[in-house]
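**Student:** Pasting a structure here, questions to come.
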Amino acid sequence: MAKATHLSLFLSLFYFISVGNLISANEQKTWCVAKPSSDQGTLMANINYACSQVDCRVLQKGCSCFVPDNLINHASVAMNIYYQSRGRNHWNCYFGNSGLVVLTDPSYGSCIYQ
């Protein structure tokens, strides 16, 4: 009877590890960016909100994501930092319907989207 218990425990553990690896292997990386149709006021509000919640130092002049120095770029970076920090849930990229979850890495040059 002890052998059956050990076998059952082993199979349960093997299943848990296998399924866990399968789920994480199939998980798609996503990023949050600002919709190109967003107006300037919305983009500024998104930057202000996101940067009040997360560290946006990469957007400061001379840092890796400052250039191009425009609202759509800065909003996208700030929104993505917020989105990633909150667990990449689709609702963390809503931003009043001005956010867009993308499957293609938006990183460019030295600005690496996490």
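Here, A, B, ... name the chains of the structure tokens in the order displayed, residue numbers run from 1 inside each chain, and ligands are numbered from 1 in the same displayed order.
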Leaving out Val67 of chain A and any residue of its chain fewer than 5 positions from it, which residues lie within 12 Å of it when counting only C-alpha atoms, given as an NGL selection string?
**Tutor:** :A and (58-62 or 72-74 or 77 or 108-111)
**Student:** Go through A:Ile112, A:Trp91, A:Asn80, A:Val101 and flag the residue nearest Ala50 of chain A, using only C-alpha atoms for the distances.
**Tutor:**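 Nearest candidate to Ala50 of chain A out of A:Ile112, A:Trp91, A:Asn80, A:Val101: A:Asn80.
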**Student:** Of the candidates A:Pro106, A:Ser76, A:Tyr113, A:Gly87, which shows the shortest atom-to-atom distance to Met44 of chain A, using only C-alpha atoms?
**Tutor:** A:Ser76
**Student:** Find the spatial neighbours of Ala75 of chain A, counting only C-alpha atoms, within a cut-off of 10 Å - ignore same-chain residues fewer than 5 positions away - and output them as a PyMOL selection string.
**Tutor:** chain A and resi 32-35+40+42-51+59+70+80-81+99
**Student:** I need the residues from that last selection saved to file as a CSV table (one decimal), in the first residue's frame (with all heavy atoms), if you can.
**Tutor:**
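New file part.csv:
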```csv
chain,number,residue,atom,x,y,z
A,32,CYS,N,1.5,47.1,-23.5
A,32,CYS,CA,0.4,48.1,-23.6
A,32,CYS,C,1.0,49.4,-24.2
A,32,CYS,O,2.0,49.9,-23.8
A,32,CYS,CB,-0.1,48.4,-22.2
A,32,CYS,SG,-1.4,49.7,-22.2
A,33,VAL,N,0.3,49.9,-25.3
A,33,VAL,CA,0.7,51.1,-25.9
A,33,VAL,C,-0.5,52.0,-26.1
A,33,VAL,O,-1.7,51.5,-26.0
A,33,VAL,CB,1.4,50.9,-27.3
A,33,VAL,CG1,2.7,50.1,-27.2
A,33,VAL,CG2,0.4,50.2,-28.2
A,34,ALA,N,-0.3,53.3,-26.3
A,34,ALA,CA,-1.4,54.2,-26.5
A,34,ALA,C,-1.9,54.0,-28.0
A,34,ALA,O,-1.1,53.9,-28.9
A,34,ALA,CB,-0.8,55.6,-26.3
A,35,LYS,N,-3.2,54.1,-28.1
A,35,LYS,CA,-3.8,54.1,-29.4
A,35,LYS,C,-3.4,55.3,-30.2
A,35,LYS,O,-3.4,56.4,-29.6
A,35,LYS,CB,-5.3,54.1,-29.3
A,35,LYS,CG,-5.9,52.7,-28.9
A,35,LYS,CD,-7.4,52.8,-28.9
A,35,LYS,CE,-8.0,51.4,-28.4
A,35,LYS,NZ,-9.5,51.5,-28.4
A,40,GLN,N,-4.3,64.5,-27.5
A,40,GLN,CA,-3.2,65.0,-26.6
A,40,GLN,C,-3.5,65.1,-25.1
A,40,GLN,O,-2.7,64.7,-24.3
A,40,GLN,CB,-2.7,66.4,-27.1
A,40,GLN,CG,-2.3,66.4,-28.6
A,40,GLN,CD,-1.0,65.7,-28.8
A,40,GLN,OE1,0.1,66.0,-28.3
A,40,GLN,NE2,-1.1,64.6,-29.7
A,42,THR,N,-5.8,63.3,-23.5
A,42,THR,CA,-5.9,61.9,-23.0
A,42,THR,C,-4.5,61.3,-22.8
A,42,THR,O,-4.2,60.7,-21.7
A,42,THR,CB,-6.7,61.0,-24.0
A,42,THR,OG1,-8.0,61.5,-24.1
A,42,THR,CG2,-6.7,59.6,-23.5
A,43,LEU,N,-3.6,61.5,-23.7
A,43,LEU,CA,-2.2,61.0,-23.6
A,43,LEU,C,-1.5,61.6,-22.3
A,43,LEU,O,-0.9,60.9,-21.6
A,43,LEU,CB,-1.4,61.3,-24.8
A,43,LEU,CG,-1.8,60.6,-26.1
A,43,LEU,CD1,-1.1,61.2,-27.3
A,43,LEU,CD2,-1.7,59.1,-26.0
A,44,MET,N,-1.7,62.9,-22.2
A,44,MET,CA,-1.1,63.6,-21.0
A,44,MET,C,-1.7,63.1,-19.7
A,44,MET,O,-1.0,62.8,-18.7
A,44,MET,CB,-1.3,65.1,-21.1
A,44,MET,CG,-0.5,65.9,-20.2
A,44,MET,SD,1.3,65.8,-20.7
A,44,MET,CE,2.1,65.6,-19.2
A,45,ALA,N,-3.0,62.9,-19.7
A,45,ALA,CA,-3.7,62.3,-18.5
A,45,ALA,C,-3.1,60.9,-18.2
A,45,ALA,O,-2.9,60.5,-17.0
A,45,ALA,CB,-5.2,62.3,-18.7
A,46,ASN,N,-2.9,60.1,-19.2
A,46,ASN,CA,-2.4,58.8,-19.1
A,46,ASN,C,-1.0,58.8,-18.5
A,46,ASN,O,-0.6,58.0,-17.6
A,46,ASN,CB,-2.4,58.0,-20.4
A,46,ASN,CG,-3.8,57.7,-20.8
A,46,ASN,OD1,-4.8,57.9,-20.1
A,46,ASN,ND2,-3.9,57.2,-22.1
A,47,ILE,N,-0.1,59.7,-19.0
A,47,ILE,CA,1.2,59.9,-18.5
A,47,ILE,C,1.2,60.2,-17.0
A,47,ILE,O,1.8,59.6,-16.2
A,47,ILE,CB,2.0,60.9,-19.3
A,47,ILE,CG1,2.3,60.4,-20.7
A,47,ILE,CG2,3.3,61.2,-18.6
A,47,ILE,CD1,2.8,61.5,-21.6
A,48,ASN,N,0.4,61.2,-16.7
A,48,ASN,CA,0.2,61.7,-15.3
A,48,ASN,C,-0.2,60.6,-14.4
A,48,ASN,O,0.3,60.4,-13.3
A,48,ASN,CB,-0.7,62.9,-15.2
A,48,ASN,CG,0.0,64.2,-15.8
A,48,ASN,OD1,1.2,64.3,-16.0
A,48,ASN,ND2,-0.9,65.1,-16.2
A,49,TYR,N,-1.3,59.9,-14.8
A,49,TYR,CA,-1.8,58.8,-13.9
A,49,TYR,C,-0.8,57.7,-13.8
A,49,TYR,O,-0.4,57.3,-12.6
A,49,TYR,CB,-3.1,58.2,-14.5
A,49,TYR,CG,-3.5,57.1,-13.6
A,49,TYR,CD1,-4.1,57.3,-12.4
A,49,TYR,CD2,-3.4,55.8,-14.1
A,49,TYR,CE1,-4.4,56.2,-11.5
A,49,TYR,CE2,-3.7,54.7,-13.2
A,49,TYR,CZ,-4.3,54.9,-12.0
A,49,TYR,OH,-4.6,53.9,-11.2
A,50,ALA,N,-0.3,57.2,-14.9
A,50,ALA,CA,0.7,56.0,-14.8
A,50,ALA,C,1.9,56.4,-14.0
A,50,ALA,O,2.3,55.6,-13.1
A,50,ALA,CB,1.1,55.6,-16.2
A,51,CYS,N,2.4,57.6,-14.2
A,51,CYS,CA,3.7,58.0,-13.5
A,51,CYS,C,3.4,58.4,-12.1
A,51,CYS,O,4.4,58.5,-11.3
A,51,CYS,CB,4.4,59.1,-14.3
A,51,CYS,SG,5.0,58.5,-15.9
A,59,LEU,N,11.7,58.1,-18.9
A,59,LEU,CA,11.2,59.1,-19.8
A,59,LEU,C,11.8,60.5,-19.6
A,59,LEU,O,11.6,61.4,-20.3
A,59,LEU,CB,9.7,59.3,-19.5
A,59,LEU,CG,8.8,58.1,-20.0
A,59,LEU,CD1,7.4,58.3,-19.6
A,59,LEU,CD2,8.9,57.9,-21.5
A,70,ASN,N,7.8,63.0,-27.6
A,70,ASN,CA,6.4,63.3,-28.0
A,70,ASN,C,5.4,62.6,-27.1
A,70,ASN,O,5.8,61.6,-26.4
A,70,ASN,CB,6.1,63.0,-29.5
A,70,ASN,CG,6.3,61.6,-29.8
A,70,ASN,OD1,5.8,60.7,-29.2
A,70,ASN,ND2,7.1,61.3,-30.9
A,80,ASN,N,2.8,51.2,-20.5
A,80,ASN,CA,3.3,49.8,-20.5
A,80,ASN,C,3.9,49.5,-19.1
A,80,ASN,O,3.8,48.4,-18.6
A,80,ASN,CB,4.3,49.6,-21.6
A,80,ASN,CG,4.7,48.1,-21.6
A,80,ASN,OD1,3.9,47.3,-21.9
A,80,ASN,ND2,6.0,47.9,-21.3
A,81,ILE,N,4.7,50.5,-18.6
A,81,ILE,CA,5.3,50.2,-17.3
A,81,ILE,C,4.2,50.0,-16.3
A,81,ILE,O,4.3,49.0,-15.5
A,81,ILE,CB,6.1,51.5,-16.8
A,81,ILE,CG1,7.4,51.6,-17.7
A,81,ILE,CG2,6.6,51.3,-15.4
A,81,ILE,CD1,8.1,52.9,-17.5
A,99,GLY,N,-5.9,52.7,-24.5
A,99,GLY,CA,-4.8,51.7,-24.5
A,99,GLY,C,-5.0,50.6,-25.4
A,99,GLY,O,-6.2,50.2,-25.7
```
**Student:** Quick check for you: according to DSSP on this backbone, which residues of segment 29-110 of chain A are classed as strand (DSSP E or B)? Reply as a PyMOL selection string.
**Tutor:** chain A and resi 31-34+99-102+108
**Student:** Emit the selected residues as a PDB file, in the first residue's frame, including all heavy atoms.
**Tutor:**
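File written: result_9.pdb
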```pdb
ATOM      1  N   TRP A  31       2.275  43.718 -24.416  1.00  0.00           N
ATOM      2  CA  TRP A  31       2.649  45.064 -24.011  1.00  0.00           C
ATOM      3  C   TRP A  31       1.444  45.971 -24.184  1.00  0.00           C
ATOM      4  O   TRP A  31       0.524  45.657 -24.927  1.00  0.00           O
ATOM      5  CB  TRP A  31       3.800  45.574 -24.888  1.00  0.00           C
ATOM      6  CG  TRP A  31       5.055  44.797 -24.758  1.00  0.00           C
ATOM      7  CD1 TRP A  31       6.100  45.047 -23.928  1.00  0.00           C
ATOM      8  CD2 TRP A  31       5.419  43.607 -25.470  1.00  0.00           C
ATOM      9  NE1 TRP A  31       7.077  44.102 -24.075  1.00  0.00           N
ATOM     10  CE2 TRP A  31       6.684  43.205 -25.022  1.00  0.00           C
ATOM     11  CE3 TRP A  31       4.787  42.837 -26.451  1.00  0.00           C
ATOM     12  CZ2 TRP A  31       7.337  42.082 -25.518  1.00  0.00           C
ATOM     13  CZ3 TRP A  31       5.419  41.716 -26.938  1.00  0.00           C
ATOM     14  CH2 TRP A  31       6.683  41.349 -26.477  1.00  0.00           C
ATOM     15  N   CYS A  32       1.486  47.113 -23.522  1.00  0.00           N
ATOM     16  CA  CYS A  32       0.411  48.096 -23.615  1.00  0.00           C
ATOM     17  C   CYS A  32       0.972  49.366 -24.247  1.00  0.00           C
ATOM     18  O   CYS A  32       2.012  49.872 -23.818  1.00  0.00           O
ATOM     19  CB  CYS A  32      -0.128  48.394 -22.216  1.00  0.00           C
ATOM     20  SG  CYS A  32      -1.406  49.666 -22.156  1.00  0.00           S
ATOM     21  N   VAL A  33       0.305  49.859 -25.267  1.00  0.00           N
ATOM     22  CA  VAL A  33       0.704  51.113 -25.911  1.00  0.00           C
ATOM     23  C   VAL A  33      -0.525  52.004 -26.069  1.00  0.00           C
ATOM     24  O   VAL A  33      -1.657  51.547 -25.990  1.00  0.00           O
ATOM     25  CB  VAL A  33       1.363  50.872 -27.293  1.00  0.00           C
ATOM     26  CG1 VAL A  33       2.659  50.088 -27.152  1.00  0.00           C
ATOM     27  CG2 VAL A  33       0.406  50.181 -28.250  1.00  0.00           C
ATOM     28  N   ALA A  34      -0.271  53.270 -26.311  1.00  0.00           N
ATOM     29  CA  ALA A  34      -1.355  54.224 -26.539  1.00  0.00           C
ATOM     30  C   ALA A  34      -1.899  54.050 -27.954  1.00  0.00           C
ATOM     31  O   ALA A  34      -1.137  53.852 -28.905  1.00  0.00           O
ATOM     32  CB  ALA A  34      -0.844  55.643 -26.335  1.00  0.00           C
ATOM     33  N   GLY A  99      -5.882  52.691 -24.500  1.00  0.00           N
ATOM     34  CA  GLY A  99      -4.768  51.749 -24.490  1.00  0.00           C
ATOM     35  C   GLY A  99      -5.021  50.591 -25.430  1.00  0.00           C
ATOM     36  O   GLY A  99      -6.167  50.229 -25.710  1.00  0.00           O
ATOM     37  N   LEU A 100      -3.956  50.016 -25.914  1.00  0.00           N
ATOM     38  CA  LEU A 100      -4.037  48.905 -26.851  1.00  0.00           C
ATOM     39  C   LEU A 100      -3.028  47.840 -26.439  1.00  0.00           C
ATOM     40  O   LEU A 100      -1.832  48.131 -26.320  1.00  0.00           O
ATOM     41  CB  LEU A 100      -3.712  49.429 -28.253  1.00  0.00           C
ATOM     42  CG  LEU A 100      -3.816  48.483 -29.433  1.00  0.00           C
ATOM     43  CD1 LEU A 100      -5.263  48.016 -29.617  1.00  0.00           C
ATOM     44  CD2 LEU A 100      -3.329  49.194 -30.690  1.00  0.00           C
ATOM     45  N   VAL A 101      -3.492  46.617 -26.196  1.00  0.00           N
ATOM     46  CA  VAL A 101      -2.597  45.506 -25.878  1.00  0.00           C
ATOM     47  C   VAL A 101      -2.064  44.955 -27.196  1.00  0.00           C
ATOM     48  O   VAL A 101      -2.839  44.657 -28.104  1.00  0.00           O
ATOM     49  CB  VAL A 101      -3.327  44.405 -25.075  1.00  0.00           C
ATOM     50  CG1 VAL A 101      -2.429  43.191 -24.871  1.00  0.00           C
ATOM     51  CG2 VAL A 101      -3.805  44.948 -23.736  1.00  0.00           C
ATOM     52  N   VAL A 102      -0.738  44.848 -27.291  1.00  0.00           N
ATOM     53  CA  VAL A 102      -0.104  44.376 -28.527  1.00  0.00           C
ATOM     54  C   VAL A 102       0.745  43.133 -28.252  1.00  0.00           C
ATOM     55  O   VAL A 102       1.211  42.925 -27.136  1.00  0.00           O
ATOM     56  CB  VAL A 102       0.746  45.483 -29.190  1.00  0.00           C
ATOM     57  CG1 VAL A 102      -0.123  46.649 -29.619  1.00  0.00           C
ATOM     58  CG2 VAL A 102       1.869  45.945 -28.281  1.00  0.00           C
ATOM     59  N   TYR A 108      12.500  49.917 -28.982  1.00  0.00           N
ATOM     60  CA  TYR A 108      13.255  50.519 -30.081  1.00  0.00           C
ATOM     61  C   TYR A 108      14.559  51.072 -29.517  1.00  0.00           C
ATOM     62  O   TYR A 108      14.606  51.542 -28.387  1.00  0.00           O
ATOM     63  CB  TYR A 108      12.456  51.652 -30.746  1.00  0.00           C
ATOM     64  CG  TYR A 108      12.091  52.756 -29.781  1.00  0.00           C
ATOM     65  CD1 TYR A 108      12.916  53.855 -29.613  1.00  0.00           C
ATOM     66  CD2 TYR A 108      10.943  52.664 -29.003  1.00  0.00           C
ATOM     67  CE1 TYR A 108      12.602  54.852 -28.700  1.00  0.00           C
ATOM     68  CE2 TYR A 108      10.610  53.661 -28.095  1.00  0.00           C
ATOM     69  CZ  TYR A 108      11.454  54.742 -27.953  1.00  0.00           C
ATOM     70  OH  TYR A 108      11.143  55.720 -27.030  1.00  0.00           O
TER      71      TYR A 108
END
```
**Student:** Kindly indicate which residue among A:Cys63, A:Asp39, A:Tyr94, A:Pro68 lies nearest to Tyr82 of chain A, using only C-alpha atoms for the distances.
**Tutor:**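 Under the stated criterion, the closest residue is A:Tyr94.
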**Student:** From the set A:Pro36, A:Asp105, A:Lys29, A:Asp55, which residue has the shortest atom-to-atom contact distance to Ala78 of chain A, counting only C-alpha atoms?
**Tutor:**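 Closest to Ala78 of chain A of all the choices is A:Asp55.
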**Student:** What is the distance, in Å and to one decimal place, between atom CA of Cys93 of chain A and atom CA of Gln114 of chain A?
**Tutor:**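 Taking atom CA of Cys93 of chain A as the start and atom CA of Gln114 of chain A as the end point, the length is 14.4 Å.
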